[in-house]
Amino acid sequence: MAAPYLALIVDNEPDICELLEITLKRMDIDTHIAATISEATLLLNRNHYDLCLTEMRLPDGDGIDLVKLIHTQFTEIPTAVITAHGNVASAVQALKAGATDFVSKPIDMQQLAKLVKSSIKVKPATHSGKRSNQAQLTLLGSSPLMVETRKTILKLSRSTAPVHICGESGSGKELVARMIHEQGPRASGPFVPVNCGAIPEHLMESEFFGYKKGSFTGAVSDKEGLFQVAQNGTLFLDEVADLPMHMQVKLLRAIQEKAVRPVGGVKEIPINVRILSATHKDLATQVKEGRFRQDLFYRINVIELRVPSLREHPSDVPVLAESILRRITLENSLPSTRLSEQAMYALVKYPFPGNVRELENILERAITLAEGYLIKECDLILPKLQADEETTTSAFTRRNPADLSGQLKKLERSEIQKALAEARYNKTAAAKLLGISFRQLRYRLKKLEMEH
């Protein structure tokens, strides 16, 4: 009987291939072997693989080229690279090209086994919908910008590389970090968010690394640090630019050594966490100005993901507003509330310097101020626009209020039609592309008279 999984090994050293083949066989994984990129490409076109392990140096090219090929043409296949001992630069290059992980020579069999198990787990995690809250854990919006952002998040979730998430305050950076965690192989482990700017400086070391009983006044028992709490999961460092310089040094060492030493401890504790970070500041500028260590910047910024500001995709404001209103009313056991056409128009043309967080605050206040269950424009109490903010508002948002309803429907129809076509008219798949539930899509199809 064939094994449930099939892996592709790409290496021109027979001894390495045999070692990998034996190891994978013990894990109930069948293997195919290719000595060159050309052979690997032929096999990839003929077979369905659950994993690819490739050497970096191959007779007919660089293993990075194969990683890029798989990342673009065979996106469902997790790919790990085999690098020379201590060659961190090539490992980072491979992760940036789309590899999910790497292993160094001489190959540690335990490390390899962990890598393989982690990579194989990726596939069902991206399709299973294994958690009841998975449907809510997504960036809403059907604009091309948000559709592309969700696709990028899914790709990054399959990797183990550190990701730095940048974007304006309130744009949803923590939500993006949670999506990367939930859709990846560490989803069964903890997701531990920490606001680096909210921890008092004198407590940072004990908060991150823990402490031993009696190490200082008040340490009446041992306490685990954030790294230990996040073991086998994800540690999300929000507002990482706010870390003081001395803590940046200690954090860099913990990431490099994959170990932490609690305050007052004598032994280092091994850690296995994925690092995600975020800030609304420009980290590259912080490095140039000497406020952030360059070596730590390179460690946490292996891959950078930018979260768009809300004013960059105003066409998504209606679906976001409706979703937020629904959540607020349900959480507070309030009757269903909706926005008037004029109120919706006012929201669409507003530039939202505070992004989605500001939209939530505006709607929560409006629900309180509104008389009845219809929110009018006067209930929103939007701040006055400055002249420079008005000029940045798109041509779409400057249309006359009388045209709003027709323009919104036209735009919504267009985006739904694109998603349906891309999903070959599979409504469940189209809803996923749009970032809404199947039920929401059915409602919108009916509302827009697109059902046949």
# chains A, B, ... in the order shown; residues from 1 in each chain; ligands from 1
$ select_by_dssp --residues "segment 261-290 of chain A" --states "helix (DSSP H, G or I)" --output "VMD selection string"
chain A and resid 283 to 288
$ write_last_selection --atoms "N, CA and C atoms" --output "mmCIF file, in the first residue's frame"
data_model
loop_
_atom_site.group_PDB
_atom_site.id
_atom_site.type_symbol
_atom_site.label_atom_id
_atom_site.label_comp_id
_atom_site.auth_asym_id
_atom_site.auth_seq_id
_atom_site.Cartn_x
_atom_site.Cartn_y
_atom_site.Cartn_z
ATOM 1 N N LEU A 283 10.728 51.335 10.176
ATOM 2 C CA LEU A 283 11.874 50.744 10.862
ATOM 3 C C LEU A 283 13.192 51.071 10.172
ATOM 4 N N ALA A 284 13.188 51.109 8.829
ATOM 5 C CA ALA A 284 14.420 51.422 8.099
ATOM 6 C C ALA A 284 14.929 52.809 8.482
ATOM 7 N N THR A 285 14.009 53.761 8.638
ATOM 8 C CA THR A 285 14.389 55.113 9.065
ATOM 9 C C THR A 285 14.903 55.097 10.497
ATOM 10 N N GLN A 286 14.262 54.286 11.349
ATOM 11 C CA GLN A 286 14.708 54.160 12.745
ATOM 12 C C GLN A 286 16.142 53.629 12.808
ATOM 13 N N VAL A 287 16.471 52.697 11.903
ATOM 14 C CA VAL A 287 17.831 52.146 11.844
ATOM 15 C C VAL A 287 18.822 53.242 11.437
ATOM 16 N N LYS A 288 18.482 53.997 10.384
ATOM 17 C CA LYS A 288 19.364 55.073 9.900
ATOM 18 C C LYS A 288 19.618 56.113 10.984
#
$ residues_around --residues "Gln248 of chain A" --least-positions-apart "2" --cutoff "12 Å" --atoms "only C-alpha atoms" --output "PyMOL selection string"
chain A and resi 196+201+204-205+208+237+240-246+250-255+291-297+299-300
$ closest_residue --among "A:Arg274, A:Lys223, A:His48, A:Lys68" --to "Ala187 of chain A" --atoms "only C-alpha atoms"
A:Arg274
$ residues_around --residues "segment 331-343 of chain A" --least-positions-apart "4" --cutoff "6 Å" --atoms "only C-alpha atoms" --output "PDB file with C-alpha atoms, in the first residue's frame"
ATOM      1  CA  TYR A 373     -32.401  52.000  14.391  1.00  0.00           C
ATOM      2  CA  LEU A 374     -31.275  54.156  11.472  1.00  0.00           C
ATOM      3  CA  ILE A 375     -27.951  55.988  11.716  1.00  0.00           C
ATOM      4  CA  LYS A 376     -28.072  59.351   9.956  1.00  0.00           C
ATOM      5  CA  GLU A 377     -25.133  61.421   8.759  1.00  0.00           C
TER       6      GLU A 377
END
$ closest_residue --among "A:Ile153, A:Leu6, A:Ala278, A:Leu203" --to "Met247 of chain A" --atoms "only C-alpha atoms"
A:Leu203
$ closest_residue --among "A:Pro59, A:Gly98, A:Gly170, A:Pro78" --to "Arg357 of chain A" --atoms "only C-alpha atoms"
A:Gly170
$ closest_residue --among "A:Leu51, A:Ala431, A:Ile29, A:Val273" --to "Gly189 of chain A" --atoms "only C-alpha atoms"
A:Val273
$ closest_residue --among "A:Asn301, A:Gly233, A:Tyr211, A:Leu441" --to "Val260 of chain A" --atoms "only C-alpha atoms"
A:Tyr211
$ residues_around --residues "Pro383 of chain A" --least-positions-apart "4" --cutoff "12 Å" --atoms "only C-alpha atoms" --output "ChimeraX atom specification"
/A:346-347,350-354,358,362,378,389
$ write_last_selection --atoms "C-alpha atoms" --output "PDB file, in the first residue's frame"
ATOM      1  CA  ALA A 346     -20.116  60.366   4.324  1.00  0.00           C
ATOM      2  CA  LEU A 347     -18.141  57.350   5.568  1.00  0.00           C
ATOM      3  CA  TYR A 350     -13.958  60.278   4.836  1.00  0.00           C
ATOM      4  CA  PRO A 351     -10.174  59.566   4.733  1.00  0.00           C
ATOM      5  CA  PHE A 352      -9.987  57.709   8.096  1.00  0.00           C
ATOM      6  CA  PRO A 353      -6.616  58.752   9.541  1.00  0.00           C
ATOM      7  CA  GLY A 354      -7.308  56.183  12.291  1.00  0.00           C
ATOM      8  CA  GLU A 358     -11.509  54.788  13.901  1.00  0.00           C
ATOM      9  CA  ILE A 362     -17.358  56.247  14.972  1.00  0.00           C
ATOM     10  CA  CYS A 378     -25.481  63.816  11.710  1.00  0.00           C
ATOM     11  CA  GLU A 389      -6.936  65.504   3.333  1.00  0.00           C
TER      12      GLU A 389
END
